[in-house]
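Notes follow once the structure below has been shown.
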Amino acid sequence: MDKHYLHPLFSPESIAVFAGQWDDPTTQTPQAQTLLTFLRAQRFSGTLTFLDIHTTGTLADLAQTRADLAIIALPHEDVAAALDIAGRIKCRAAVVISTGINATLASELNQLARHHGMYLLGPNCLGFQRPRAGLNASVAGPMATPGPLALVSQSGALTSSILDWASQNAVGFSTVVSLGPNTSVDIAQVLDFLASDQQTHSIVVYLEGISNSRRFMSALRAAANAKPVVVLKAGRKTAGNKAARTHSGAIVGSDDVFDAALRRAGAVRVRSFVALFSAAKCLASRYRAVGRRLAIITNGGGPGVLAADWISEINLQLGQLSAASAEALKAVLPAQASLCDLIDLSEDASPEHYRLALDAASKEKEIDGILVIHSPKTGCDAAAVAAALADFKARISKPLLTCWMGDASVGEARTVLNTAMIPTFRTPEAAVGAFGNIASFYQNQQLLQQTPPPLSTLAKPDIEGARLLIESVLAERRNVLTEMESKALLSAFHIPVTKTILARNANEAMMIATQLGFPVALKIDSPDITHKSDVNGVALNVMNAVGVRDTYNDMMQAVKRNQPNARINGVTIQNMARHKRGREIYIGLVTDDPFGPVIAFGAGGTMIELMNDRAMELPPLNQFLARSLIDRARVSETLGEWRGATAVDMDALEHVLLRVSEMVCELPQLREMDINPIIVDESGAVAVDARIVIDNAQQAHGGRTHNYNHLAILPYPAQHEQVWPMRGGEQYTIRPIHPDDADMLQTLVRSLSSESRYFRFVSSMHELPPQMLSRFTLIDYDREMALVAVYTERKAGEDGEMVETSRIVGVSRYITNPDSSSCEFSLVVADDFGGRGLGSRLMLSIMDVAREKGLTEIVGLVLTNNPGMLKLMKSLGYSIKAYPDDPDFRLVTHPL
């Protein structure tokens with residue numbers, strides 16, 4: 001059970017090949033001939049059996065054949081028969097390389113594979129490669145060089161192109177997977193495998209589309225949490241948006257949402273095929289940038305300036321030496337060298353000068369990465385400079401990139417750099433862009449680590465009141481809330497709004513305006529009018545009662561003339577927002593296919609589409625994510641002290657974003673929303689206008705109210721937090737794990753006895769490796785759960801004051817199996833807390849969570865020589881059986 005479920009596909013020990021007769025090319029398709037050529041050229045460490053569905057014999061003969069994987073490259077009419085035979089000989093996975101299979105036949109093949117319990121890669125794919133295992137189960141090209149980089153591509157042509165490029169650029173792969181449009185094993189499952197694959201250190205993805213956003217985000221987050229992931233997505237520009245009913249829907253495109261999703265998943269997106277290669281070079285070198293400050297070492301001012309310009313263009317920072325470092329370095333460089341901004345070594349730079357400059361930059365705390373640029377100079381050996389860098393590489397922990405300009409005279413130098421696994425580029429811009437992509441990994445990882453709950457720590461909103469309001473509007477068969485209804489919904493979540501009162505005639509309007517105080521704003525109130533100003537339905541700064549009366553009458557006439565069929569409830573009256581030097585902001589919501597609701601933020605007002613200022617984030621939000629969202633919008637530059645205005649109340653603005661996040665999480669009926677403008681200044685923020693579009697939500701599975709199926713990222717499940725008494729009168733808290741628990745979890749593992757560690761991990765390791773620790777603490781609550789028991793102890797500190805210290809004293813965990821109906825559990829309890837009822841409570845709690853998730857069975861493997869765990873399982877009603885695959889274990893199961 002500890003092997004990944006796709007292990008038979010990507011790490012088979014035995015393979016059955018269906019590709020016609022082995023020695024008769026006339027029985028083989030072109031794909032089969034190419035496949036067999038590659039199979040003959042490799043040394044697969046397992047066993048290969050070649051079967052012909054027309055001459056192999058009876059099923060009785062096949063009964064003696066066993067294989068983990070079937071590779072099928074046959075004509076369309078023979079694929080189903082071969083797949084059926086593969087199932088009958090107990091193959092657990094299959095790859096169908098046949099091309100041109102239509103969607104109907106592909107669906108039948110997928111159903112046949114499911115019937116036999118096989119994982120099917122294909123059809124209409126080029127297959128896959130696992131270079132270290134000597135397995136080229138593909139027609140994508142000759143076997144790739146072994147290396148730490150994995151490639152997953154939804155384009156066969158692009159797969160072949162990348163492999164061809166890699167062979168000339170010293171880039172090796174752990175895995176290459178070509179996915180077809182109708183494959184059963186999808187990109188999410190492949191990412192899930194690569195996340196746990198020890199051979200893979202970095203992942204490159206070419207993506208054209210996804211079918212299930214929750215599953216994709218779950219797998220991508222798990223993979224990006226374990227190792228860098230770079231994505232190139234096709235189809236960035238859409239043919240056009242649907243008719244938008246709100247400003248947010250008009251200015252936010254699906255590609256913008258995809259950007260937000262990748263950022264939140266901790267992955268890095270590149271925009272071009274060339275940039276994908278650049279990122280692949282850096283990832284293959286296993287560089288990890290921890291900032292955006294890039295220093296430039298050059299022997300020519302022009303190329304250095306080009307690089308510096310591009311650093312500014314893509315919002316990086318130019319890394320510079322400190323005054324002390326610059327002074328010390330200047331003394332050993334040529335007289336013409338300049339260390340102002342760039343580290344310009346001059347045309348007289350020798351390999352030793354490059355080495356000295358690299359040494360100084362590598363020790364500088366204010367530098368995160370280094371770009372070395374070399375221009376061909378008479379009398380300077382480019383290969384010798386490259387060799388100096390290659391020798392120094394082992395002593396530098398920061399990303400090191402190079403740009404060897406020119407062509408014929410620097411070919412040998414590029415070979416030296418490629419051999420040393422130092423990324424080298426032909427232009428300064430390409431090198432800087434590559435560093436920018438890798439630096440983005442660090443920033444996005446910070447977003448990935450955020451696991452907010454659906455509700456903030458602010459005052460509890462009136463969720464039931466908001467739901468009743470929405471239900472009443474839907475009962476009237478309306479989807480667009482009026483301004484009054486929209487503001488009522490915002491008020492239910494404690495978002496400040498301007499006081500607004502509906503007037504149904506001119507006299508009412510005058511009385512209301514007089515009571516509110518002048519000046520006032522008048523706005524038409526109609527469920528059929530989205531943009532009020534377009535129909536002359538907005539009047540601002542009306543100063544007296546007569547003006548209110550005349551404006552009301554003029555507005556009603558103008559609106560009826562411009563939109564005669566619109567239903568009009570009347571005109572709303574509200575005070576003009578009196579904010580000196582207030583900034584106009586908008587916060588919006590769009591619903592994307594397939595990622596669901598996305599929160600947008602940017603500059604507001606009547607020119608919102610023209611300004612086109614937007615930043616986006618997937619809910620749920622916390623304070624860190626809210627501030628990050630604000631900082632990414634251009635309008636953020638005006639929120640501090642700006643042109644004589646004092647800085648705005650950022651806490652108030654974050655407050656509104658957190659409240660909007662709560663609305664999105666708790667109200668799945670929301671489809672689009674504009675809060676525009678929000679006026680924010682030093683005294684706070686207030687929503688002046690709002691427009692909300694709703695629709696019926698999908699029925700929750702099993703009638704549960706907190707499943708959050710409409711969100712691409714499941715919130716932190718705070719509802720599972722409980723406080724339990726402990727034998728002896730103390731108490732502890734059981735709650736879901738989160739990324740901040742990493743140190744406490746590592747402390748627990750280190751404190752375990754060697755026997756307890758072996759019982760839990762079947763290993764003698766003293767502590768969790770960083771990748772495993774990260775994997776165990778940042779989990780996807782949609783497909784797995786880990787509950788930690790936290791014990792807080794009060795002790796007197798050195799100064800005599802009482803100090804609280806918390807520690808994790810137990811963990812129960814389940815991971816959903818590929819059948820989506822059962823799960824596998826694990827349990828560990830601190831040795832000094834054994835026998836106090838903690839293990840039973842953790843197991844009962846994790847079973848409750850799995851049951852609520854709709855799972856029907858929980859299973860686990862327990863070592864035969866672990867009597868304490870077996871006794872606990874028996875006391876909880878688990879069935880204990882022999883495990884046929886390994887006599888050292890017992891299989892324990894319990895229905896949920």
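Every chain in the structure tokens takes a letter, A first, then B, and so on in the order presented; its residues are numbered from 1, and the ligands are numbered from 1 following the presented order.
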
Discussion item. So that I can see what lies close to Pro668 in chain A, please list as number ranges by chain the residues with an atom at most 9 Å from it, counting only C-alpha atoms and leaving out residues fewer than 2 positions away in the same chain.
Written reply: A: 597, 663-666, 670-671, 694-698, 708-711

How would the residues just chosen look if you wrote them out with C-alpha atoms as an mmCIF file, in the first residue's frame?
```
data_model
loop_
_atom_site.group_PDB
_atom_site.id
_atom_site.type_symbol
_atom_site.label_atom_id
_atom_site.label_comp_id
_atom_site.auth_asym_id
_atom_site.auth_seq_id
_atom_site.Cartn_x
_atom_site.Cartn_y
_atom_site.Cartn_z
ATOM 1 C CA PRO A 597 -15.333 31.805 -7.957
ATOM 2 C CA MET A 663 -19.402 35.609 1.231
ATOM 3 C CA VAL A 664 -17.866 33.569 -1.568
ATOM 4 C CA CYS A 665 -17.233 30.563 0.668
ATOM 5 C CA GLU A 666 -20.608 30.516 2.388
ATOM 6 C CA LEU A 670 -22.957 33.984 -6.036
ATOM 7 C CA ARG A 671 -21.948 34.218 -9.691
ATOM 8 C CA ILE A 694 -26.815 34.929 -8.372
ATOM 9 C CA ASP A 695 -28.011 31.535 -9.539
ATOM 10 C CA ASN A 696 -29.088 28.265 -7.989
ATOM 11 C CA ALA A 697 -26.279 26.298 -6.376
ATOM 12 C CA GLN A 698 -25.673 22.628 -6.994
ATOM 13 C CA TYR A 708 -17.572 23.886 -0.320
ATOM 14 C CA ASN A 709 -17.799 22.014 -3.621
ATOM 15 C CA HIS A 710 -17.977 25.284 -5.531
ATOM 16 C CA LEU A 711 -14.407 26.232 -4.541
#
```

Practice prompt. Tell me which protein, DNA and RNA residues are within 9 Å of range 347-352 of chain A, counting only C-alpha atoms, leaving out same-chain ones fewer than 3 positions away, and put them as a list of chain:residue names.
Written response: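 Skipping anything fewer than 3 positions along the chain leaves A:Thr298, A:Asn299, A:Gly300, A:Leu333, A:Pro334, A:Gln336, A:Ala337, A:Asp344, A:Arg355, A:Leu356, A:Ala357, A:Ser375, A:Lys377, A:Thr378, A:Gly379, A:Cys380, A:Asp381, A:Ala382, A:Ala384, A:Val385, A:Ala386, A:Ala387, A:Ala388, A:Leu389.
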
Dump as a PDB file, in the first residue's frame, selection limited to N, CA and C atoms:
```pdb
ATOM      1  N   THR A 298      29.589  41.294 -15.928  1.00  0.00           N
ATOM      2  CA  THR A 298      29.744  41.379 -17.374  1.00  0.00           C
ATOM      3  C   THR A 298      31.112  41.926 -17.738  1.00  0.00           C
ATOM      4  N   ASN A 299      31.518  41.634 -18.967  1.00  0.00           N
ATOM      5  CA  ASN A 299      32.751  42.244 -19.479  1.00  0.00           C
ATOM      6  C   ASN A 299      32.444  43.270 -20.560  1.00  0.00           C
ATOM      7  N   GLY A 300      31.167  43.669 -20.657  1.00  0.00           N
ATOM      8  CA  GLY A 300      30.767  44.692 -21.621  1.00  0.00           C
ATOM      9  C   GLY A 300      29.574  45.459 -21.111  1.00  0.00           C
ATOM     10  N   LEU A 333      40.623  44.193  -9.594  1.00  0.00           N
ATOM     11  CA  LEU A 333      40.086  44.159 -10.949  1.00  0.00           C
ATOM     12  C   LEU A 333      40.873  45.106 -11.854  1.00  0.00           C
ATOM     13  N   PRO A 334      40.704  45.001 -13.172  1.00  0.00           N
ATOM     14  CA  PRO A 334      41.358  45.963 -14.091  1.00  0.00           C
ATOM     15  C   PRO A 334      40.938  47.390 -13.772  1.00  0.00           C
ATOM     16  N   GLN A 336      39.858  49.703 -15.578  1.00  0.00           N
ATOM     17  CA  GLN A 336      38.667  50.193 -16.256  1.00  0.00           C
ATOM     18  C   GLN A 336      37.372  49.594 -15.693  1.00  0.00           C
ATOM     19  N   ALA A 337      37.468  48.692 -14.742  1.00  0.00           N
ATOM     20  CA  ALA A 337      36.277  48.041 -14.184  1.00  0.00           C
ATOM     21  C   ALA A 337      35.398  49.058 -13.460  1.00  0.00           C
ATOM     22  N   ASP A 344      30.776  45.500 -13.806  1.00  0.00           N
ATOM     23  CA  ASP A 344      31.374  45.542 -15.145  1.00  0.00           C
ATOM     24  C   ASP A 344      32.877  45.362 -15.009  1.00  0.00           C
ATOM     25  N   ARG A 355      36.178  34.933 -11.610  1.00  0.00           N
ATOM     26  CA  ARG A 355      36.065  34.115 -10.402  1.00  0.00           C
ATOM     27  C   ARG A 355      35.984  34.986  -9.154  1.00  0.00           C
ATOM     28  N   LEU A 356      36.789  36.019  -9.100  1.00  0.00           N
ATOM     29  CA  LEU A 356      36.785  36.916  -7.944  1.00  0.00           C
ATOM     30  C   LEU A 356      35.446  37.648  -7.805  1.00  0.00           C
ATOM     31  N   ALA A 357      34.923  38.113  -8.928  1.00  0.00           N
ATOM     32  CA  ALA A 357      33.627  38.807  -8.894  1.00  0.00           C
ATOM     33  C   ALA A 357      32.513  37.853  -8.473  1.00  0.00           C
ATOM     34  N   SER A 375      30.967  38.652 -23.481  1.00  0.00           N
ATOM     35  CA  SER A 375      30.983  39.026 -24.892  1.00  0.00           C
ATOM     36  C   SER A 375      32.343  38.670 -25.473  1.00  0.00           C
ATOM     37  N   LYS A 377      35.835  38.796 -26.900  1.00  0.00           N
ATOM     38  CA  LYS A 377      36.851  39.842 -26.953  1.00  0.00           C
ATOM     39  C   LYS A 377      38.153  39.248 -27.484  1.00  0.00           C
ATOM     40  N   THR A 378      38.861  40.029 -28.253  1.00  0.00           N
ATOM     41  CA  THR A 378      40.150  39.570 -28.771  1.00  0.00           C
ATOM     42  C   THR A 378      41.112  39.288 -27.620  1.00  0.00           C
ATOM     43  N   GLY A 379      41.699  38.122 -27.648  1.00  0.00           N
ATOM     44  CA  GLY A 379      42.667  37.763 -26.621  1.00  0.00           C
ATOM     45  C   GLY A 379      42.059  37.141 -25.376  1.00  0.00           C
ATOM     46  N   CYS A 380      40.735  37.042 -25.300  1.00  0.00           N
ATOM     47  CA  CYS A 380      40.074  36.442 -24.124  1.00  0.00           C
ATOM     48  C   CYS A 380      39.515  35.076 -24.499  1.00  0.00           C
ATOM     49  N   ASP A 381      39.880  34.073 -23.755  1.00  0.00           N
ATOM     50  CA  ASP A 381      39.460  32.697 -24.020  1.00  0.00           C
ATOM     51  C   ASP A 381      38.088  32.459 -23.366  1.00  0.00           C
ATOM     52  N   ALA A 382      37.026  32.440 -24.173  1.00  0.00           N
ATOM     53  CA  ALA A 382      35.672  32.269 -23.641  1.00  0.00           C
ATOM     54  C   ALA A 382      35.519  30.935 -22.929  1.00  0.00           C
ATOM     55  N   ALA A 384      37.837  29.295 -21.335  1.00  0.00           N
ATOM     56  CA  ALA A 384      38.550  29.344 -20.052  1.00  0.00           C
ATOM     57  C   ALA A 384      37.708  30.046 -18.995  1.00  0.00           C
ATOM     58  N   VAL A 385      36.990  31.115 -19.398  1.00  0.00           N
ATOM     59  CA  VAL A 385      36.094  31.778 -18.453  1.00  0.00           C
ATOM     60  C   VAL A 385      34.996  30.820 -18.018  1.00  0.00           C
ATOM     61  N   ALA A 386      34.443  30.074 -18.980  1.00  0.00           N
ATOM     62  CA  ALA A 386      33.393  29.104 -18.658  1.00  0.00           C
ATOM     63  C   ALA A 386      33.916  28.035 -17.704  1.00  0.00           C
ATOM     64  N   ALA A 387      35.154  27.596 -17.925  1.00  0.00           N
ATOM     65  CA  ALA A 387      35.746  26.579 -17.047  1.00  0.00           C
ATOM     66  C   ALA A 387      35.915  27.117 -15.635  1.00  0.00           C
ATOM     67  N   ALA A 388      36.251  28.407 -15.504  1.00  0.00           N
ATOM     68  CA  ALA A 388      36.386  29.000 -14.171  1.00  0.00           C
ATOM     69  C   ALA A 388      35.056  28.989 -13.440  1.00  0.00           C
ATOM     70  N   LEU A 389      33.981  29.276 -14.158  1.00  0.00           N
ATOM     71  CA  LEU A 389      32.650  29.232 -13.547  1.00  0.00           C
ATOM     72  C   LEU A 389      32.282  27.806 -13.157  1.00  0.00           C
TER      73      LEU A 389
END
```

Response to the item:
In terms of only C-alpha atoms, the residue from A:Val686, A:Gly127, A:Leu481, A:Glu641 at minimal distance from Leu35 in chain A is A:Gly127

Worksheet entry | Filtered DSSP result for range 749-848 of chain A, state strand (DSSP E or B), as number ranges by chain | A: 784-796, 802-816, 822-829

Item to complete: Write out as JSON, numbers by chain the residues lying within 12 Å of Ala32 in chain A, counting only C-alpha atoms and excluding same-chain residues fewer than 4 positions away.
Response: {"A": [17, 18, 19, 20, 21, 22, 23, 24, 25, 26, 27, 28, 36, 37, 38, 39, 50, 71, 72, 73, 74, 75, 96, 97, 98, 99, 126, 127, 137, 138, 139]}

Worksheet item: Near Arg735 in chain A, within 12 Å and counting only C-alpha atoms, which residues show up once chain neighbours fewer than 4 positions away are dropped, as number ranges by chain?
Response: A: 716-724, 741, 785-791, 808, 810-813, 841-842, 845-846, 849

Discussion item. Please determine, counting only C-alpha atoms, which residue among A:Gln449, A:Ser213, A:Ser178, A:Ser362 has the shortest atom-to-atom distance to Val257 in chain A.
Written reply: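 Once distances to Val257 in chain A are computed over only C-alpha atoms, the minimum belongs to A:Ser213.
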
For range 489-606 of chain A versus range 629-632 of chain A, which residues have an atom no more than 9 Å away, and what is each residue's nearest atom pair and distance in Å rounded to one decimal, using only C-alpha atoms, chain-then-number order, as a tab-separated table?
```
residue	atom	partner	partner_atom	distance
A:Ala600	CA	A:Leu629	CA	8.4
A:Phe601	CA	A:Ile630	CA	6.8
A:Gly602	CA	A:Ile630	CA	7.6
```

Worksheet item: Got a sec: who's within 8 Å of Asn225 in chain A, counting only C-alpha atoms, leaving out chain neighbours fewer than 4 positions off, as a list of chain:residue names?
Response: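 Listed by chain and then number, they are A:Arg221, A:Gly266, A:Gln445, A:Leu448, A:Ser774, A:Arg775, A:Leu778.
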
Worksheet item: Which one is closest to Val749 in chain A: A:Lys881, A:Arg807, A:Arg269, A:Lys853? Count only C-alpha atoms.
Response: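 So, comparing all the options, the nearest one is A:Arg807.
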